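Visitor: Contents of query.pdb (PDB, C-alpha atoms) are given next:
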MODEL        1
ATOM      1  CA  MET S   1      -6.338 -18.612  -6.220
ATOM      2  CA  ASN S   2      -3.993 -20.664  -8.326
ATOM      3  CA  GLN S   3      -4.102 -18.929 -11.692
ATOM      4  CA  LEU S   4      -2.046 -15.780 -12.237
ATOM      5  CA  SER S   5      -4.198 -12.865 -13.376
ATOM      6  CA  PHE S   6      -3.045 -10.899 -16.407
ATOM      7  CA  PHE S   7      -3.317  -7.747 -14.272
ATOM      8  CA  SER S   8      -1.684  -9.192 -11.169
ATOM      9  CA  ALA S   9       1.227  -7.450  -9.480
ATOM     10  CA  GLU S  10       3.226 -10.578 -10.275
ATOM     11  CA  ALA S  11       2.656 -10.057 -14.019
ATOM     12  CA  VAL S  12       3.677  -6.377 -14.137
ATOM     13  CA  PRO S  13       7.341  -5.290 -14.126
ATOM     14  CA  PRO S  14       8.499  -3.451 -10.979
ATOM     15  CA  ALA S  15       8.861   0.338 -11.106
ATOM     16  CA  VAL S  16       9.634   3.216  -8.763
ATOM     17  CA  SER S  17       5.963   4.248  -9.082
ATOM     18  CA  ASP S  18       5.048   1.088  -7.112
ATOM     19  CA  LEU S  19       6.035   3.019  -3.996
ATOM     20  CA  SER S  20       2.995   5.268  -4.457
ATOM     21  CA  GLY S  21       1.083   2.499  -2.668
ATOM     22  CA  LEU S  22       3.181   3.137   0.439
ATOM     23  CA  LEU S  23       2.230   6.815   0.252
ATOM     24  CA  ALA S  24      -1.451   5.901  -0.104
ATOM     25  CA  ALA S  25      -0.999   4.162   3.247
ATOM     26  CA  GLN S  26       0.933   5.763   6.112
ATOM     27  CA  GLY S  27       4.149   6.216   4.120
ATOM     28  CA  GLN S  28       5.982   9.524   4.064
ATOM     29  CA  VAL S  29       8.197  11.223   1.533
ATOM     30  CA  SER S  30      10.934  13.741   2.242
ATOM     31  CA  VAL S  31      12.650  15.919  -0.351
ATOM     32  CA  ALA S  32      16.019  17.674  -0.274
ATOM     33  CA  ALA S  33      18.262  19.009  -3.047
ATOM     34  CA  GLY S  34      16.582  17.195  -5.939
ATOM     35  CA  ARG S  35      16.509  13.894  -4.065
ATOM     36  CA  ALA S  36      13.718  12.143  -2.202
ATOM     37  CA  ARG S  37      13.274   9.339   0.322
ATOM     38  CA  VAL S  38      10.197   7.227   0.936
ATOM     39  CA  SER S  39       9.705   5.707   4.369
ATOM     40  CA  VAL S  40       6.938   3.782   6.059
ATOM     41  CA  VAL S  41       6.423   2.576   9.622
ATOM     42  CA  VAL S  42       4.644  -0.778   9.739
ATOM     43  CA  ASP S  43       3.222  -2.921  12.516
ATOM     44  CA  ALA S  44       5.015  -6.223  11.862
ATOM     45  CA  SER S  45       8.368  -7.544  10.727
ATOM     46  CA  TRP S  46       6.815  -9.569   7.869
ATOM     47  CA  ARG S  47       5.475  -6.281   6.463
ATOM     48  CA  ALA S  48       8.885  -4.631   6.761
ATOM     49  CA  ASP S  49      10.564  -7.543   4.959
ATOM     50  CA  ALA S  50       7.951  -7.579   2.174
ATOM     51  CA  VAL S  51       8.057  -3.789   1.683
ATOM     52  CA  ALA S  52      11.875  -3.875   1.575
ATOM     53  CA  GLU S  53      11.699  -6.603  -1.085
ATOM     54  CA  LEU S  54       9.238  -4.517  -3.125
ATOM     55  CA  ILE S  55      11.559  -1.490  -2.897
ATOM     56  CA  GLU S  56      14.532  -3.575  -4.033
ATOM     57  CA  GLU S  57      12.505  -5.059  -6.920
ATOM     58  CA  ALA S  58      11.943  -1.455  -8.059
ATOM     59  CA  GLY S  59      15.723  -1.031  -8.291
ATOM     60  CA  LEU S  60      16.296   0.913  -5.064
ATOM     61  CA  ALA S  61      18.151   0.037  -1.881
ATOM     62  CA  ALA S  62      15.967  -0.585   1.173
ATOM     63  CA  GLU S  63      16.878  -0.222   4.827
ATOM     64  CA  ILE S  64      14.931  -1.731   7.721
ATOM     65  CA  THR S  65      15.352  -0.049  11.078
ATOM     66  CA  ARG S  66      13.121   0.959  14.025
ATOM     67  CA  SER S  67      10.999   4.041  14.570
ATOM     68  CA  ASP S  68      11.330   6.069  17.767
ATOM     69  CA  GLU S  69       8.372   4.068  19.095
ATOM     70  CA  GLY S  70      10.095   0.754  18.303
ATOM     71  CA  SER S  71       8.012  -0.247  15.268
ATOM     72  CA  PRO S  72       9.632  -1.562  12.084
ATOM     73  CA  LEU S  73      10.582   1.273   9.725
ATOM     74  CA  VAL S  74      11.443   0.688   6.079
ATOM     75  CA  ARG S  75      13.006   3.407   3.964
ATOM     76  CA  THR S  76      14.815   4.033   0.753
ATOM     77  CA  ALA S  77      17.985   6.037   0.415
ATOM     78  CA  SER S  78      17.525   9.667  -0.597
ATOM     79  CA  VAL S  79      17.888   9.374  -4.380
ATOM     80  CA  PRO S  80      17.084  11.446  -7.496
ATOM     81  CA  GLU S  81      14.957   8.592  -8.891
ATOM     82  CA  LEU S  82      12.259   9.356  -6.292
ATOM     83  CA  ALA S  83      12.107  13.131  -6.866
ATOM     84  CA  ALA S  84       9.310  12.938  -9.459
ATOM     85  CA  LEU S  85       7.235  10.648  -7.225
ATOM     86  CA  ALA S  86       7.736  13.044  -4.310
ATOM     87  CA  THR S  87       6.661  16.007  -6.425
ATOM     88  CA  ARG S  88       3.479  14.220  -7.500
ATOM     89  CA  TRP S  89       2.599  13.198  -3.916
ATOM     90  CA  THR S  90       3.141  16.533  -2.160
ATOM     91  CA  LYS S  91       1.489  19.921  -2.181
ATOM     92  CA  GLY S  92       3.862  22.278  -0.439
ATOM     93  CA  ALA S  93       5.085  20.273   2.545
ATOM     94  CA  VAL S  94       1.881  18.229   2.845
ATOM     95  CA  LYS S  95       1.159  14.774   1.441
ATOM     96  CA  ALA S  96      -1.441  14.969  -1.333
ATOM     97  CA  VAL S  97      -2.825  12.375  -3.739
ATOM     98  CA  PRO S  98      -1.943  13.193  -7.369
ATOM     99  CA  VAL S  99      -4.902  14.370  -9.451
ATOM    100  CA  GLY S 100      -6.474  11.415 -11.225
ATOM    101  CA  TRP S 101      -4.248   8.825  -9.529
ATOM    102  CA  ILE S 102      -5.438   5.251  -9.988
ATOM    103  CA  PRO S 103      -3.470   2.570  -8.151
ATOM    104  CA  ASP S 104      -2.118  -0.092 -10.477
ATOM    105  CA  SER S 105      -1.625  -3.665  -9.313
ATOM    106  CA  ARG S 106       1.870  -3.147  -7.870
ATOM    107  CA  ALA S 107       0.866   0.062  -6.045
ATOM    108  CA  LEU S 108      -2.123  -1.830  -4.610
ATOM    109  CA  ARG S 109       0.209  -4.608  -3.492
ATOM    110  CA  ALA S 110       2.476  -2.073  -1.778
ATOM    111  CA  TRP S 111      -0.561  -0.570  -0.036
ATOM    112  CA  VAL S 112      -1.710  -3.991   1.166
ATOM    113  CA  LEU S 113       1.794  -4.895   2.343
ATOM    114  CA  ALA S 114       2.097  -1.667   4.335
ATOM    115  CA  ALA S 115      -1.391  -1.367   5.776
ATOM    116  CA  GLY S 116      -3.847  -4.053   4.678
ATOM    117  CA  ARG S 117      -5.740  -6.159   7.179
ATOM    118  CA  SER S 118      -8.400  -8.809   7.021
ATOM    119  CA  GLU S 119     -11.529  -8.325   9.141
ATOM    120  CA  GLY S 120     -14.220 -10.634  10.401
ATOM    121  CA  GLU S 121     -14.014 -14.125   8.985
ATOM    122  CA  GLY S 122     -12.114 -12.833   5.974
ATOM    123  CA  ASP S 123     -15.271 -11.419   4.393
ATOM    124  CA  ARG S 124     -13.973  -7.851   4.759
ATOM    125  CA  PHE S 125     -10.610  -6.252   4.069
ATOM    126  CA  VAL S 126      -9.299  -2.826   5.079
ATOM    127  CA  LEU S 127      -6.620  -0.764   3.368
ATOM    128  CA  GLY S 128      -5.195   1.475   6.085
ATOM    129  CA  LEU S 129      -4.903   5.227   5.553
ATOM    130  CA  ASP S 130      -2.540   7.820   6.989
ATOM    131  CA  PRO S 131      -4.155   9.249  10.158
ATOM    132  CA  HIS S 132      -1.919  12.327   9.760
ATOM    133  CA  ALA S 133      -3.207  13.081   6.241
ATOM    134  CA  PRO S 134      -7.029  13.093   6.558
ATOM    135  CA  ASP S 135      -7.457  15.227   3.435
ATOM    136  CA  THR S 136      -6.190  12.283   1.376
ATOM    137  CA  HIS S 137      -8.847   9.827   2.615
ATOM    138  CA  PRO S 138     -11.829  10.708   0.369
ATOM    139  CA  ILE S 139      -9.540  11.160  -2.640
ATOM    140  CA  LEU S 140      -8.006   7.721  -2.077
ATOM    141  CA  ALA S 141     -11.510   6.237  -1.828
ATOM    142  CA  GLN S 142     -12.266   7.731  -5.250
ATOM    143  CA  SER S 143      -8.948   6.453  -6.613
ATOM    144  CA  LEU S 144      -9.762   2.935  -5.468
ATOM    145  CA  MET S 145     -13.216   3.202  -7.071
ATOM    146  CA  ARG S 146     -11.577   4.199 -10.364
ATOM    147  CA  ALA S 147      -9.466   1.042 -10.030
ATOM    148  CA  GLY S 148     -12.711  -0.958  -9.948
ATOM    149  CA  ILE S 149     -12.858  -1.644  -6.200
ATOM    150  CA  ALA S 150     -15.588   0.293  -4.373
ATOM    151  CA  PRO S 151     -14.639   0.824  -0.692
ATOM    152  CA  THR S 152     -16.324   2.364   2.337
ATOM    153  CA  LEU S 153     -14.367   5.006   4.246
ATOM    154  CA  ILE S 154     -14.137   4.054   7.957
ATOM    155  CA  GLY S 155     -12.544   5.392  11.139
ATOM    156  CA  THR S 156     -12.303   8.982  10.013
ATOM    157  CA  ARG S 157     -12.476  10.227  13.601
ATOM    158  CA  GLY S 158     -10.147   7.625  15.078
ATOM    159  CA  ALA S 159      -6.543   6.536  14.899
ATOM    160  CA  GLY S 160      -7.244   3.730  12.423
ATOM    161  CA  PRO S 161      -8.813   5.206   9.288
ATOM    162  CA  GLY S 162      -9.168   2.917   6.318
ATOM    163  CA  LEU S 163     -11.009   1.876   3.204
ATOM    164  CA  ARG S 164     -13.128  -1.209   3.881
ATOM    165  CA  ILE S 165     -13.759  -3.585   0.991
ATOM    166  CA  VAL S 166     -16.748  -5.912   1.367
ATOM    167  CA  GLY S 167     -18.173  -8.496  -0.991
ATOM    168  CA  HIS S 168     -16.833 -11.471  -2.877
ATOM    169  CA  LYS S 169     -16.529  -9.710  -6.260
ATOM    170  CA  ARG S 170     -14.675  -6.735  -4.808
ATOM    171  CA  LEU S 171     -12.343  -8.917  -2.767
ATOM    172  CA  MET S 172     -11.713 -11.126  -5.804
ATOM    173  CA  ARG S 173     -10.804  -8.042  -7.855
ATOM    174  CA  LEU S 174      -8.371  -6.945  -5.136
ATOM    175  CA  VAL S 175      -6.749 -10.387  -4.878
ATOM    176  CA  GLU S 176      -6.468 -10.662  -8.673
ATOM    177  CA  ASN S 177      -4.528  -7.396  -8.641
ATOM    178  CA  ILE S 178      -2.218  -7.892  -5.664
ATOM    179  CA  GLY S 179      -1.254 -11.510  -6.210
ATOM    180  CA  GLN S 180      -0.262 -14.045  -3.583
ATOM    181  CA  ALA S 181       0.593 -13.256   0.028
ATOM    182  CA  PRO S 182       4.254 -13.337   1.064
ATOM    183  CA  ASP S 183       5.265 -16.802   2.257
ATOM    184  CA  ARG S 184       4.765 -16.110   5.976
ATOM    185  CA  GLN S 185       1.873 -17.287   8.161
ATOM    186  CA  GLU S 186       1.231 -13.757   9.484
ATOM    187  CA  ALA S 187       1.024 -12.441   5.915
ATOM    188  CA  ARG S 188      -1.424 -15.153   4.846
ATOM    189  CA  GLU S 189      -3.632 -14.334   7.839
ATOM    190  CA  ALA S 190      -3.658 -10.613   6.980
ATOM    191  CA  TRP S 191      -4.210 -11.179   3.230
ATOM    192  CA  PRO S 192      -7.670 -10.811   1.684
ATOM    193  CA  GLN S 193      -9.566 -14.097   1.494
ATOM    194  CA  VAL S 194     -11.803 -15.161  -1.383
TER     195      VAL S 194
ENDMDL
END
Can the structure from this file be put into structure tokens for me?
Guide:
Amino acid sequence: MNQLSFFSAEAVPPAVSDLSGLLAAQGQVSVAAGRARVSVVVDASWRADAVAELIEEAGLAAEITRSDEGSPLVRTASVPELAALATRWTKGAVKAVPVGWIPDSRALRAWVLAAGRSEGEGDRFVLGLDPHAPDTHPILAQSLMRAGIAPTLIGTRGAGPGLRIVGHKRLMRLVENIGQAPDRQEAREAWPQV
């Protein structure tokens, strides 16, 4: 895809709300004293680098470290700017999708960066979901449908739940929204193909 879509993540200005895509994936938010921190454990260093860049584009500092299991962990500082996002994405102490949430192009890009993976010969793509927040899965499927990309919910009983996107038109819609893959071979291999 050579032409930049009008709705592409590359055509929309960065915002703190972009980080909602990390929360749609396996990202977590913690709140304390009117401040919040968003963090996400990813499976590859290219993802950590790309997520950190997205966080910094949104005007926040990003830190890359390691989880207790040794996986790359990206997090923001605990800042007041994230308090509203944290409030929208939690119900009590539990992660919850905001009512009526529709992922915009930059939130979709964040989701893909954190947990997207190509399947088969590139004819399928999966947006990973948080295995620790199963109540969010059907709501996120509906949110993606409202964004014009109809997915199939998979892996609800396993450790790798996700929203599978199949079909050229659906994959094209996703790619038009998320823009180009980061300039790393591993990223290009994981990116949706059309």
Visitor: Quick one: of S:Leu54, S:Leu174, S:Val79, S:Leu144, who's nearest to S:Arg37, counting all atoms listed in the file?
Guide: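 Checking each candidate against S:Arg37, we get S:Val79 as the closest.
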Visitor: Residues within 8 Å of (14.9, 7.5, -2.6), file coordinates, counting all atoms listed in the file: what are they? Give the list as a VMD selection string.
Guide: chain S and resid 35 to 38 60 75 to 83
Visitor: Identify, on the basis of all atoms listed in the file, every residue whose closest approach to S:Glu119 does not exceed 12 Å; exclude the query and any residue fewer than 6 positions from it along the same chain; express the result as a PyMOL selection string.
Guide: chain S and resi 125-127+162-166+171+189-193
Visitor: Interatomic distance between atom CA of S:Ser39 and atom CA of S:Gly27?
Guide: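 Taking atom CA of S:Ser39 and atom CA of S:Gly27, their separation equals 5.6 Å.
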Visitor: For a test of reading the model, state the distance in Å between atom CA of S:Arg173 and atom CA of S:Ile149, rounded to one decimal.
Guide: 6.9 Å
Visitor: Step by step: start from the point (-4.0, -1.7, -6.8) in the file's coordinates, keep every protein, DNA or RNA residue that has an atom no farther than 9 Å from it, count all atoms listed in the file, and write the set as an MDAnalysis selection string.
Guide: chainID S and resid 8:9 21 102:112 144 147 149 174 177:178
Visitor: Applying the PyMOL selection byres ((chain S and resi 130-140) around 6) to the file I just gave you, which residues come out? Please list them as a ChimeraX atom specification.
Guide: /S:25-26,129,141-143,159
Visitor: Just checking: using only C-alpha atoms, which residue out of S:Pro98, S:Pro13, S:Gly167, S:Pro161 ends up closest to S:Gly116?
Guide: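 Of S:Pro98, S:Pro13, S:Gly167, S:Pro161, the one nearest S:Gly116 is S:Pro161, counting only C-alpha atoms.
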Visitor: From the set S:Leu23, S:Ala181, S:Ala44, S:Leu153, which residue has the shortest atom-to-atom contact distance to S:Pro72, counting all atoms listed in the file?
Guide: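 Closest candidate: S:Ala44.
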